[in-house]
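**Q** Starting off with a structure, shown below.
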There are 2 protein chains.
Amino acid sequence: MLSNKVCKLHSTHAKVLLRLYSSFNPAEQLTIRDINPSTVEAKYAVRGKIPIIADGLNELIKHDPSSHGLPFQKIVNANIGNPQQLDQQPLTWYRQVLSILQYPELLNQKEIFPKDVRERAKILLHHIGSVGAYSQSQGAPYIRQSIAEFITKRDKGFISDANNIYLTSGASTAVSYLLQILSVDSNSGFLIPIPQYPLYTATIALNNAKPIGYYLDESNNWSTNTKELRELIIDNQQKGIKIKSLVVINPGNPTGAILSTQDMIELIDLAAEYGIVLIADEVYQENIFKGDFISFKRVLSELIEKNHDLYHKVQLASLHSTSKGVSGECGQRGGYMELVGFKSEVKDIVFKLASINLCSVVSGQALMELMINPPKEGDESFELYKKETDSIHYDLQTRAEALYNAFNQMEDINCDKPMGAMYIFPKLNFDSKIYHKLFSRAKNSNLQIDDIYCIELLEHTGICCVPGNGFGQKRDTYHLRTTFLPPGKEWIDRWTKFHKEFVKKYKDVNM
Amino acid sequence: MLSNKVCKLHSTHAKVLLRLYSSFNPAEQLTIRDINPSTVEAKYAVRGKIPIIADGLNELIKHDPSSHGLPFQKIVNANIGNPQQLDQQPLTWYRQVLSILQYPELLNQKEIFPKDVRERAKILLHHIGSVGAYSQSQGAPYIRQSIAEFITKRDKGFISDANNIYLTSGASTAVSYLLQILSVDSNSGFLIPIPQYPLYTATIALNNAKPIGYYLDESNNWSTNTKELRELIIDNQQKGIKIKSLVVINPGNPTGAILSTQDMIELIDLAAEYGIVLIADEVYQENIFKGDFISFKRVLSELIEKNHDLYHKVQLASLHSTSKGVSGECGQRGGYMELVGFKSEVKDIVFKLASINLCSVVSGQALMELMINPPKEGDESFELYKKETDSIHYDLQTRAEALYNAFNQMEDINCDKPMGAMYIFPKLNFDSKIYHKLFSRAKNSNLQIDDIYCIELLEHTGICCVPGNGFGQKRDTYHLRTTFLPPGKEWIDRWTKFHKEFVKKYKDVNM
């Protein structure tokens, strides 16, 4: 019966195509006006116009390596925190275990893999099974338990519960789930730092909700200002906007700054008083140059311990990722979020969203486990692991300092010393004559002043960074965001040289 | 300067926690009424109530292996197409290359890896770099080119363009992008097959758009009915609903049926006439028991060749995945979509959504390439690859037939012979006396009749399948969806035995 049916179907394939066609008037294709306006309006600068020009130049260089006529030999991608696109090597520990998870026959290869690598792979295979099977939607239970233990240890004993952990695809999926459930209508407001990582404004736009920027205080190392935040909350409430969430990025992107405990407490107070969900984007927690990372979960737990009634209903979502730590495994799409203080009926909705996506990539879940539970002193892999991570830390910090020193020596640029993350967000501080000329150029080209700077930097040096307007900045201020990931320091020297010429050019009255 | 700042910060951590707390009245937590109603209303049956009961029973068995009091020793997960959760082994070809991509040091291991494995890994590493780096948002160019070549070959020479390929995380992300851009407001309508894969209704609900079910004709092997579809389009237009898209799942989930070319042409005609985007979910294209897969892209291309004016503006999105083929690599989250006929301004919006998600997991992208470009005759891996894929095909088809035979021998069950995919969707066909009793049980328990059947099946045999109401079915009809993935046939015998007892029990007048 089956084969008859199929044969009939296939022999008729050609025949039916010979039929007389129905006559109808074909309709036009959809245009941008037929498309969800929220998707049209959302903006995302990290992969916006400057990086697109850079991609174009890159193709030009590839196709015409010797005589493309550009004053540089390659593009320096300082626009995106993508360490392994540049020279950062993956950690051997991660990749050895992941290779065995992909091909468990390798478990027997004692000459290739250290004992602790084989043992960890065995444990993971035992608990999660094949990385080719869907895990539970929330993530493999064993991995969630391991993450909960990591958080408990990180936060000096304050307990984390595996049931509150959700494995995600990088931190982006976590942001997407949270903003989606919290966006009730166009009067749902989200407090986001300015400058911010543009994923937030983009996702808020997609959900047709309202972004409400709060300025970080550049004059005080990008700290938060509770007074201003409280005014924003009250003002917006009076306008009928319900503030659903306060987003904090710590360590900061694009600022590279770290919040003080005092600031964190004041933000938690606001969340407690107004019933606002605190979204703590803590993906750079491994990238801190000095001292220990202090998480919002820890500060909140300490506050609850001291005053349970005041704080136990604070709703905190804390985000982490395998992309941005010393690991820099962006393409592997590992991440988790921890939800505390949420009612279970609300967590059930997050669970449903995770179910609709089936599960996050299982090898990325395993990588998350390898990251938060690395080799310990005495383990066979420990020495190499330590050497590799120390070297990455050292490189990041050294380049951060070199870049910071270069900016501070440049005429007309102000810059805070970075404390962590992967970024610097220096401010252009030209004198009024230069600004005047830049303004008239900007007016004619529909660009902003920081766009002009970034385009000229790219054209003259091949260095691709992102204009501050993609992250948000105070009116009449102009910034740049650059990573400190590109290898070497030669590009920093080229930038210094370019800057001098840029200033000279726009100072020239006859221009 | 940096170290001073950080030290100060850390020494004050304990101190600031000792401060006098602000006094304020803490707010209540969010309840389900404070949450986006679209996210509350979305339903997703594949991981719904029956699988949740099964998970609970599974835990019970684990914690109390000998004396849990259940009449079975383990849960048979026939509810979800997750082959490697059951006994299906991953293909060696995939996993060998992926292990080298994770740990490129393995490239030298000539004793472990065949030559073609090492060569492919080398090519992929050359073109995509580290799997730990973000790729281009749309996917690595080399992989998109390889996919375009696969499609061109599959579709008998009709050209596919790598610029139209978007790598996605399984097919779910593709569905999410498409439904999101097409949902302009609550009057945006989506034609979805009934029965359907519930990802569609869930995603439509999340976008607050309107699902419009069209019935597949069970009496004609689940074929489509163009006349009914046309009436639905016209009726809905008159109600002010704008039909944005027509979703077709071919081979069918949950039906296991394959559309005839005639049906495909008629569906394309509708898309052409009404300017409706055709979403062709073709993720089961590798799972066909007889003959070649005929894609919508191929049929559309043939139509364009014959009548360019009528068909060249048809907008088709074709979805594929690494999860559901013979590969069954669900947890690796590989997939792609091909967009044809779309204006570039609309494709730009899809590109932006992909950018906001940064990129799909790069190892999953590589897996997609390995799947559509497998070893060829003469390659060192070919023999093993062929043996493994043949064996999986054979197992799937054998179990499909065993299950089909079992259902057809069961009293009161009707079932079409499956032609592909991984599923059967049999219909419960009880006599009116049994229905009468089931109805009164259903009324008292807030369940539907197919829910009752599935729950009792689970309780008595440990077999977990999904009630038809999770996929949609005609009023007063009741179905079950079961995969044919669980190994062996013993569970099928248990099902037959259960069914007899179920019918007997509800036939018993004194019950």
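Identifiers for the structure tokens are assigned positionally: chains receive A, B, ... in sequence, residues are indexed from 1 per chain, and ligands are indexed from 1 in the order shown.
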Could you please tell me, as number ranges by chain, which residues of chain B have an atom within 6 Å of chain A when using only C-alpha atoms?

**A** B: 9, 13, 26-29, 32, 35-36, 82, 84-85, 95-96, 99, 102-103, 131-134, 181-184, 260-261, 272-275, 310, 313, 329-333, 346, 361-362

**Q** Taking the chain letters and numbering used in this document, name the residues of region 279-384 of chain A that DSSP puts in strand (DSSP E), as a ChimeraX atom specification.

**A** /A:279-281,316-321,335-340

**Q** Pull N, CA and C atoms from the residues just selected and write them as a PDB file, in the first residue's frame.

**A**
ATOM      1  N   ILE A 279      17.431  43.036  36.858  1.00  0.00           N
ATOM      2  CA  ILE A 279      18.161  42.163  35.926  1.00  0.00           C
ATOM      3  C   ILE A 279      19.634  42.518  36.031  1.00  0.00           C
ATOM      4  N   ALA A 280      20.412  41.601  36.601  1.00  0.00           N
ATOM      5  CA  ALA A 280      21.845  41.847  36.797  1.00  0.00           C
ATOM      6  C   ALA A 280      22.604  41.089  35.722  1.00  0.00           C
ATOM      7  N   ASP A 281      23.077  41.827  34.747  1.00  0.00           N
ATOM      8  CA  ASP A 281      23.865  41.248  33.663  1.00  0.00           C
ATOM      9  C   ASP A 281      25.307  41.184  34.170  1.00  0.00           C
ATOM     10  N   LEU A 316      15.256  39.005  41.582  1.00  0.00           N
ATOM     11  CA  LEU A 316      16.546  39.215  40.942  1.00  0.00           C
ATOM     12  C   LEU A 316      16.782  38.147  39.883  1.00  0.00           C
ATOM     13  N   ALA A 317      17.171  38.581  38.694  1.00  0.00           N
ATOM     14  CA  ALA A 317      17.615  37.645  37.661  1.00  0.00           C
ATOM     15  C   ALA A 317      19.083  37.949  37.408  1.00  0.00           C
ATOM     16  N   SER A 318      19.930  36.955  37.609  1.00  0.00           N
ATOM     17  CA  SER A 318      21.366  37.160  37.420  1.00  0.00           C
ATOM     18  C   SER A 318      21.818  36.336  36.216  1.00  0.00           C
ATOM     19  N   LEU A 319      22.542  36.997  35.284  1.00  0.00           N
ATOM     20  CA  LEU A 319      22.896  36.370  34.005  1.00  0.00           C
ATOM     21  C   LEU A 319      24.392  36.111  33.925  1.00  0.00           C
ATOM     22  N   HIS A 320      24.737  34.976  33.373  1.00  0.00           N
ATOM     23  CA  HIS A 320      26.149  34.664  33.153  1.00  0.00           C
ATOM     24  C   HIS A 320      26.277  33.949  31.799  1.00  0.00           C
ATOM     25  N   SER A 321      27.489  33.828  31.315  1.00  0.00           N
ATOM     26  CA  SER A 321      27.705  33.344  29.947  1.00  0.00           C
ATOM     27  C   SER A 321      29.095  32.747  29.804  1.00  0.00           C
ATOM     28  N   GLY A 335      25.348  29.627  28.548  1.00  0.00           N
ATOM     29  CA  GLY A 335      24.979  30.675  29.489  1.00  0.00           C
ATOM     30  C   GLY A 335      23.955  30.147  30.473  1.00  0.00           C
ATOM     31  N   TYR A 336      23.748  30.903  31.550  1.00  0.00           N
ATOM     32  CA  TYR A 336      22.658  30.534  32.476  1.00  0.00           C
ATOM     33  C   TYR A 336      22.064  31.789  33.074  1.00  0.00           C
ATOM     34  N   MET A 337      20.864  31.654  33.632  1.00  0.00           N
ATOM     35  CA  MET A 337      20.332  32.715  34.480  1.00  0.00           C
ATOM     36  C   MET A 337      19.824  32.087  35.756  1.00  0.00           C
ATOM     37  N   GLU A 338      20.000  32.817  36.854  1.00  0.00           N
ATOM     38  CA  GLU A 338      19.449  32.388  38.139  1.00  0.00           C
ATOM     39  C   GLU A 338      18.317  33.342  38.497  1.00  0.00           C
ATOM     40  N   LEU A 339      17.164  32.778  38.823  1.00  0.00           N
ATOM     41  CA  LEU A 339      16.023  33.605  39.235  1.00  0.00           C
ATOM     42  C   LEU A 339      15.815  33.426  40.730  1.00  0.00           C
ATOM     43  N   VAL A 340      15.841  34.538  41.477  1.00  0.00           N
ATOM     44  CA  VAL A 340      15.498  34.423  42.904  1.00  0.00           C
ATOM     45  C   VAL A 340      14.390  35.412  43.250  1.00  0.00           C
TER      46      VAL A 340
END

**Q** Hey, what's within 12 Å of Leu57 (chain B) if we count only C-alpha atoms and toss same-chain stuff fewer than 2 positions away? As a JSON list (two decimals) with all heavy atoms, in the first residue's frame, please?

**A**
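Generated file (around.json):
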[["chain", "number", "residue", "atom", "x", "y", "z"],
["B", 50, "ILE", "N", 1.12, 15.47, 30.17],
["B", 50, "ILE", "CA", 1.43, 14.03, 30.20],
["B", 50, "ILE", "C", 2.94, 13.80, 30.38],
["B", 50, "ILE", "O", 3.35, 13.05, 31.27],
["B", 50, "ILE", "CB", 0.92, 13.31, 28.91],
["B", 50, "ILE", "CG1", -0.52, 13.71, 28.58],
["B", 50, "ILE", "CG2", 1.09, 11.79, 29.03],
["B", 50, "ILE", "CD1", -1.60, 13.14, 29.44],
["B", 51, "PRO", "N", 3.79, 14.47, 29.58],
["B", 51, "PRO", "CA", 5.24, 14.31, 29.82],
["B", 51, "PRO", "C", 5.67, 14.73, 31.22],
["B", 51, "PRO", "O", 6.61, 14.15, 31.77],
["B", 51, "PRO", "CB", 5.88, 15.21, 28.75],
["B", 51, "PRO", "CG", 4.86, 15.28, 27.66],
["B", 51, "PRO", "CD", 3.53, 15.24, 28.35],
["B", 52, "ILE", "N", 4.98, 15.70, 31.80],
["B", 52, "ILE", "CA", 5.36, 16.12, 33.17],
["B", 52, "ILE", "C", 5.03, 15.01, 34.17],
["B", 52, "ILE", "O", 5.83, 14.71, 35.07],
["B", 52, "ILE", "CB", 4.70, 17.48, 33.54],
["B", 52, "ILE", "CG1", 5.40, 18.60, 32.76],
["B", 52, "ILE", "CG2", 4.78, 17.75, 35.04],
["B", 52, "ILE", "CD1", 4.73, 19.95, 32.82],
["B", 53, "ILE", "N", 3.87, 14.36, 34.00],
["B", 53, "ILE", "CA", 3.55, 13.20, 34.86],
["B", 53, "ILE", "C", 4.63, 12.12, 34.65],
["B", 53, "ILE", "O", 5.13, 11.53, 35.61],
["B", 53, "ILE", "CB", 2.16, 12.61, 34.53],
["B", 53, "ILE", "CG1", 1.06, 13.65, 34.74],
["B", 53, "ILE", "CG2", 1.87, 11.37, 35.40],
["B", 53, "ILE", "CD1", -0.33, 13.21, 34.28],
["B", 54, "ALA", "N", 5.00, 11.90, 33.38],
["B", 54, "ALA", "CA", 6.02, 10.87, 33.08],
["B", 54, "ALA", "C", 7.34, 11.19, 33.76],
["B", 54, "ALA", "O", 7.98, 10.29, 34.33],
["B", 54, "ALA", "CB", 6.20, 10.75, 31.56],
["B", 55, "ASP", "N", 7.74, 12.47, 33.72],
["B", 55, "ASP", "CA", 8.98, 12.86, 34.41],
["B", 55, "ASP", "C", 8.89, 12.55, 35.89],
["B", 55, "ASP", "O", 9.85, 12.07, 36.50],
["B", 55, "ASP", "CB", 9.25, 14.37, 34.23],
["B", 55, "ASP", "CG", 9.82, 14.68, 32.85],
["B", 55, "ASP", "OD1", 10.21, 13.74, 32.13],
["B", 55, "ASP", "OD2", 9.87, 15.89, 32.50],
["B", 59, "GLU", "N", 11.30, 9.94, 38.05],
["B", 59, "GLU", "CA", 12.04, 10.27, 39.27],
["B", 59, "GLU", "C", 11.74, 9.25, 40.37],
["B", 59, "GLU", "O", 12.62, 8.81, 41.10],
["B", 59, "GLU", "CB", 11.69, 11.68, 39.76],
["B", 59, "GLU", "CG", 12.29, 12.79, 38.91],
["B", 59, "GLU", "CD", 13.83, 12.72, 38.85],
["B", 59, "GLU", "OE1", 14.47, 12.69, 39.91],
["B", 59, "GLU", "OE2", 14.38, 12.68, 37.73],
["B", 60, "LEU", "N", 10.45, 8.89, 40.46],
["B", 60, "LEU", "CA", 10.02, 7.92, 41.46],
["B", 60, "LEU", "C", 10.76, 6.60, 41.27],
["B", 60, "LEU", "O", 11.29, 6.00, 42.21],
["B", 60, "LEU", "CB", 8.50, 7.70, 41.33],
["B", 60, "LEU", "CG", 7.84, 6.75, 42.33],
["B", 60, "LEU", "CD1", 7.91, 7.32, 43.74],
["B", 60, "LEU", "CD2", 6.37, 6.51, 41.94],
["B", 61, "ILE", "N", 10.82, 6.14, 39.99],
["B", 61, "ILE", "CA", 11.51, 4.88, 39.69],
["B", 61, "ILE", "C", 12.99, 4.98, 40.05],
["B", 61, "ILE", "O", 13.57, 4.07, 40.65],
["B", 61, "ILE", "CB", 11.34, 4.53, 38.19],
["B", 61, "ILE", "CG1", 9.87, 4.25, 37.88],
["B", 61, "ILE", "CG2", 12.22, 3.34, 37.80],
["B", 61, "ILE", "CD1", 9.55, 4.12, 36.40],
["B", 62, "LYS", "N", 13.59, 6.13, 39.71],
["B", 62, "LYS", "CA", 15.02, 6.33, 40.00],
["B", 62, "LYS", "C", 15.31, 6.23, 41.50],
["B", 62, "LYS", "O", 16.28, 5.63, 41.92],
["B", 62, "LYS", "CB", 15.44, 7.74, 39.53],
["B", 62, "LYS", "CG", 16.21, 7.75, 38.22],
["B", 62, "LYS", "CD", 16.90, 9.11, 38.07],
["B", 62, "LYS", "CE", 17.03, 9.51, 36.63],
["B", 62, "LYS", "NZ", 17.28, 10.96, 36.49],
["B", 63, "HIS", "N", 14.45, 6.88, 42.30],
["B", 63, "HIS", "CA", 14.72, 6.95, 43.73],
["B", 63, "HIS", "C", 14.30, 5.69, 44.47],
["B", 63, "HIS", "O", 14.69, 5.48, 45.60],
["B", 63, "HIS", "CB", 14.02, 8.18, 44.33],
["B", 63, "HIS", "CG", 14.73, 9.45, 43.99],
["B", 63, "HIS", "ND1", 14.30, 10.27, 42.98],
["B", 63, "HIS", "CD2", 15.86, 10.00, 44.49],
["B", 63, "HIS", "CE1", 15.14, 11.29, 42.88],
["B", 63, "HIS", "NE2", 16.10, 11.15, 43.78],
["B", 64, "ASP", "N", 13.50, 4.88, 43.82],
["B", 64, "ASP", "CA", 12.98, 3.71, 44.51],
["B", 64, "ASP", "C", 12.90, 2.58, 43.49],
["B", 64, "ASP", "O", 11.82, 2.10, 43.14],
["B", 64, "ASP", "CB", 11.59, 4.08, 45.07],
["B", 64, "ASP", "CG", 11.05, 3.00, 45.98],
["B", 64, "ASP", "OD1", 11.78, 2.03, 46.26],
["B", 64, "ASP", "OD2", 9.88, 3.12, 46.39],
["B", 65, "PRO", "N", 14.07, 2.13, 43.00],
["B", 65, "PRO", "CA", 14.11, 1.26, 41.82],
["B", 65, "PRO", "C", 13.35, -0.05, 41.98],
["B", 65, "PRO", "O", 12.82, -0.58, 41.01],
["B", 65, "PRO", "CB", 15.61, 0.99, 41.61],
["B", 65, "PRO", "CG", 16.31, 2.02, 42.42],
["B", 65, "PRO", "CD", 15.40, 2.36, 43.55],
["B", 68, "HIS", "N", 8.72, 0.67, 43.89],
["B", 68, "HIS", "CA", 7.93, 1.88, 43.69],
["B", 68, "HIS", "C", 6.46, 1.57, 43.44],
["B", 68, "HIS", "O", 5.64, 2.47, 43.36],
["B", 68, "HIS", "CB", 8.51, 2.69, 42.51],
["B", 68, "HIS", "CG", 8.82, 1.85, 41.31],
["B", 68, "HIS", "ND1", 7.83, 1.24, 40.59],
["B", 68, "HIS", "CD2", 9.99, 1.49, 40.76],
["B", 68, "HIS", "CE1", 8.39, 0.54, 39.60],
["B", 68, "HIS", "NE2", 9.71, 0.67, 39.70],
["B", 69, "GLY", "N", 6.15, 0.31, 43.29],
["B", 69, "GLY", "CA", 4.74, -0.07, 43.16],
["B", 69, "GLY", "C", 4.13, 0.15, 41.78],
["B", 69, "GLY", "O", 2.93, -0.02, 41.59],
["B", 70, "LEU", "N", 4.94, 0.55, 40.80],
["B", 70, "LEU", "CA", 4.40, 0.76, 39.45],
["B", 70, "LEU", "C", 4.48, -0.54, 38.65],
["B", 70, "LEU", "O", 5.40, -1.33, 38.85],
["B", 70, "LEU", "CB", 5.19, 1.86, 38.74],
["B", 70, "LEU", "CG", 5.09, 3.26, 39.35],
["B", 70, "LEU", "CD1", 6.13, 4.19, 38.72],
["B", 70, "LEU", "CD2", 3.68, 3.83, 39.14],
["B", 71, "PRO", "N", 3.54, -0.75, 37.73],
["B", 71, "PRO", "CA", 3.54, -2.00, 36.96],
["B", 71, "PRO", "C", 4.52, -2.00, 35.79],
["B", 71, "PRO", "O", 4.32, -2.72, 34.82],
["B", 71, "PRO", "CB", 2.09, -2.08, 36.47],
["B", 71, "PRO", "CG", 1.64, -0.66, 36.37],
["B", 71, "PRO", "CD", 2.39, 0.10, 37.43],
["B", 72, "PHE", "N", 5.55, -1.16, 35.83],
["B", 72, "PHE", "CA", 6.57, -1.16, 34.76],
["B", 72, "PHE", "C", 7.88, -0.69, 35.36],
["B", 72, "PHE", "O", 7.92, -0.10, 36.45],
["B", 72, "PHE", "CB", 6.14, -0.26, 33.60],
["B", 72, "PHE", "CG", 5.65, 1.10, 34.04],
["B", 72, "PHE", "CD1", 6.54, 2.14, 34.26],
["B", 72, "PHE", "CD2", 4.29, 1.32, 34.25],
["B", 72, "PHE", "CE1", 6.09, 3.38, 34.68],
["B", 72, "PHE", "CE2", 3.84, 2.57, 34.68],
["B", 72, "PHE", "CZ", 4.73, 3.59, 34.89],
["B", 73, "GLN", "N", 8.96, -0.98, 34.64],
["B", 73, "GLN", "CA", 10.29, -0.68, 35.18],
["B", 73, "GLN", "C", 10.86, 0.63, 34.67],
["B", 73, "GLN", "O", 11.78, 1.20, 35.27],
["B", 73, "GLN", "CB", 11.26, -1.82, 34.84],
["B", 73, "GLN", "CG", 10.97, -3.13, 35.58],
["B", 73, "GLN", "CD", 10.83, -2.93, 37.08],
["B", 73, "GLN", "OE1", 11.68, -2.32, 37.71],
["B", 73, "GLN", "NE2", 9.72, -3.39, 37.66],
["B", 74, "LYS", "N", 10.35, 1.10, 33.50],
["B", 74, "LYS", "CA", 10.85, 2.40, 33.05],
["B", 74, "LYS", "C", 9.85, 3.09, 32.12],
["B", 74, "LYS", "O", 8.94, 2.45, 31.58],
["B", 74, "LYS", "CB", 12.23, 2.27, 32.37],
["B", 74, "LYS", "CG", 12.22, 1.44, 31.11],
["B", 74, "LYS", "CD", 13.60, 1.53, 30.46],
["B", 74, "LYS", "CE", 13.53, 1.04, 29.02],
["B", 74, "LYS", "NZ", 14.72, 1.35, 28.25],
["B", 75, "ILE", "N", 10.06, 4.37, 31.96],
["B", 75, "ILE", "CA", 9.21, 5.18, 31.09],
["B", 75, "ILE", "C", 9.69, 5.00, 29.64],
["B", 75, "ILE", "O", 10.89, 5.03, 29.38],
["B", 75, "ILE", "CB", 9.30, 6.67, 31.48],
["B", 75, "ILE", "CG1", 8.80, 6.88, 32.91],
["B", 75, "ILE", "CG2", 8.53, 7.55, 30.50],
["B", 75, "ILE", "CD1", 7.34, 6.60, 33.14],
["B", 76, "VAL", "N", 8.75, 4.79, 28.73],
["B", 76, "VAL", "CA", 9.07, 4.74, 27.31],
["B", 76, "VAL", "C", 8.66, 6.08, 26.70],
["B", 76, "VAL", "O", 7.48, 6.39, 26.56],
["B", 76, "VAL", "CB", 8.30, 3.58, 26.62],
["B", 76, "VAL", "CG1", 8.59, 3.57, 25.13],
["B", 76, "VAL", "CG2", 8.66, 2.25, 27.25],
["B", 77, "ASN", "N", 9.66, 6.91, 26.39],
["B", 77, "ASN", "CA", 9.36, 8.27, 25.91],
["B", 77, "ASN", "C", 9.02, 8.28, 24.43],
["B", 77, "ASN", "O", 9.89, 8.46, 23.59],
["B", 77, "ASN", "CB", 10.53, 9.21, 26.19],
["B", 77, "ASN", "CG", 10.53, 9.69, 27.62],
["B", 77, "ASN", "OD1", 11.32, 9.24, 28.45],
["B", 77, "ASN", "ND2", 9.61, 10.60, 27.94],
["B", 455, "ILE", "N", -3.17, 9.19, 29.83],
["B", 455, "ILE", "CA", -2.81, 9.06, 31.24],
["B", 455, "ILE", "C", -2.90, 7.59, 31.67],
["B", 455, "ILE", "O", -1.99, 7.07, 32.33],
["B", 455, "ILE", "CB", -3.70, 9.96, 32.12],
["B", 455, "ILE", "CG1", -3.36, 11.43, 31.87],
["B", 455, "ILE", "CG2", -3.53, 9.63, 33.60],
["B", 455, "ILE", "CD1", -4.31, 12.41, 32.53],
["B", 458, "LEU", "N", -0.04, 5.63, 30.23],
["B", 458, "LEU", "CA", 1.17, 5.92, 30.99],
["B", 458, "LEU", "C", 1.17, 5.17, 32.33],
["B", 458, "LEU", "O", 2.16, 4.53, 32.71],
["B", 458, "LEU", "CB", 1.29, 7.43, 31.19],
["B", 458, "LEU", "CG", 2.44, 7.96, 32.04],
["B", 458, "LEU", "CD1", 3.79, 7.56, 31.45],
["B", 458, "LEU", "CD2", 2.37, 9.49, 32.16],
["B", 459, "GLU", "N", 0.05, 5.26, 33.04],
["B", 459, "GLU", "CA", -0.03, 4.63, 34.37],
["B", 459, "GLU", "C", 0.13, 3.12, 34.31],
["B", 459, "GLU", "O", 0.68, 2.50, 35.22],
["B", 459, "GLU", "CB", -1.38, 4.94, 35.01],
["B", 459, "GLU", "CG", -1.51, 6.36, 35.53],
["B", 459, "GLU", "CD", -2.94, 6.64, 35.98],
["B", 459, "GLU", "OE1", -3.86, 5.83, 35.68],
["B", 459, "GLU", "OE2", -3.14, 7.70, 36.61],
["B", 460, "HIS", "N", -0.38, 2.51, 33.23],
["B", 460, "HIS", "CA", -0.37, 1.05, 33.16],
["B", 460, "HIS", "C", 0.85, 0.47, 32.46],
["B", 460, "HIS", "O", 1.20, -0.68, 32.69],
["B", 460, "HIS", "CB", -1.65, 0.54, 32.47],
["B", 460, "HIS", "CG", -2.86, 0.67, 33.32],
["B", 460, "HIS", "ND1", -3.61, 1.83, 33.40],
["B", 460, "HIS", "CD2", -3.44, -0.20, 34.20],
["B", 460, "HIS", "CE1", -4.60, 1.67, 34.25],
["B", 460, "HIS", "NE2", -4.53, 0.45, 34.76],
["B", 461, "THR", "N", 1.47, 1.24, 31.58],
["B", 461, "THR", "CA", 2.56, 0.66, 30.78],
["B", 461, "THR", "C", 3.86, 1.46, 30.84],
["B", 461, "THR", "O", 4.90, 0.98, 30.41],
["B", 461, "THR", "CB", 2.16, 0.62, 29.28],
["B", 461, "THR", "OG1", 2.04, 1.99, 28.83],
["B", 461, "THR", "CG2", 0.84, -0.10, 29.07],
["B", 462, "GLY", "N", 3.80, 2.70, 31.33],
["B", 462, "GLY", "CA", 4.99, 3.56, 31.30],
["B", 462, "GLY", "C", 5.22, 4.20, 29.94],
["B", 462, "GLY", "O", 6.19, 4.93, 29.77],
["B", 463, "ILE", "N", 4.33, 3.95, 28.98],
["B", 463, "ILE", "CA", 4.50, 4.56, 27.65],
["B", 463, "ILE", "C", 3.94, 5.98, 27.68],
["B", 463, "ILE", "O", 2.79, 6.20, 28.05],
["B", 463, "ILE", "CB", 3.77, 3.74, 26.56],
["B", 463, "ILE", "CG1", 4.34, 2.32, 26.48],
["B", 463, "ILE", "CG2", 3.86, 4.44, 25.20],
["B", 463, "ILE", "CD1", 3.50, 1.36, 25.65],
["B", 464, "CYS", "N", 4.78, 6.92, 27.28],
["B", 464, "CYS", "CA", 4.37, 8.32, 27.27],
["B", 464, "CYS", "C", 4.16, 8.78, 25.83],
["B", 464, "CYS", "O", 5.12, 8.87, 25.06],
["B", 464, "CYS", "CB", 5.45, 9.16, 27.95],
["B", 464, "CYS", "SG", 5.10, 10.92, 27.96]]

**Q** Just give me the gap between CA of Gln285 (chain B) and CA of Met422 (chain B) in Å, one decimal is fine.

**A** 11.0 Å

**Q** Mind checking which residues fall within 12 Å of Phe471 (chain A), counting only C-alpha atoms, ignoring those fewer than 3 positions away in the same chain, and posting them as a PyMOL selection string?

**A** chain A and resi 43-46+48+192-202+213+215-216+252-255+425+450+466-468+474+478-482

**Q** Got a sec to tell me which of region 114-252 of chain A DSSP assigns to alpha helix (DSSP H), as an MDAnalysis selection string?

**A** chainID A and resid 115:128 141:154 172:182 199:206 226:238

**Q** Extract, using only C-alpha atoms, all DNA, RNA and protein residues at most 12 Å from Ala402 (chain B), discarding same-chain residues fewer than 2 positions from it, and format them as a list in words.

**A**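 Neighbouring residues, sequence-local ones excluded: Asp395, Leu396, Gln397, Thr398, Arg399, Ala400, Tyr404, Asn405, Ala406, Phe407, Asn408, Gln409, Lys417, Pro418, Ile424, Phe484, Leu485, Pro486, Pro487, Gly488, Lys489, Glu490, Trp491, Ile492, Asp493, Trp495 and Thr496 of chain B.
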
**Q** Can you tell me, as a PyMOL selection string, what residues are no more than 10 Å from Phe430 (chain A) when counting only C-alpha atoms, ignoring any on the same chain fewer than 2 positions away?

**A** chain A and resi 411-413+427-428+432-436+438+478+503+506-507

**Q** Report as a list in words all protein, DNA and RNA residues lying within 10 Å of Lys386 (chain B), evaluated on only C-alpha atoms, omitting residues in the same chain fewer than 6 positions from it.

**A**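 Those residues are Leu91, Pro374, Pro375, Lys376, Glu377 and Ile392 of chain B.
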
**Q** Enter the distance from CA of Leu457 (chain A) to CA of His126 (chain B), in Å, rounded to one decimal.

**A** 29.2 Å

**Q** Work out how far CA of Tyr142 (chain B) is from CA of Asp116 (chain B), in Å to one decimal.

**A**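 A separation of 17.9 Å between them.
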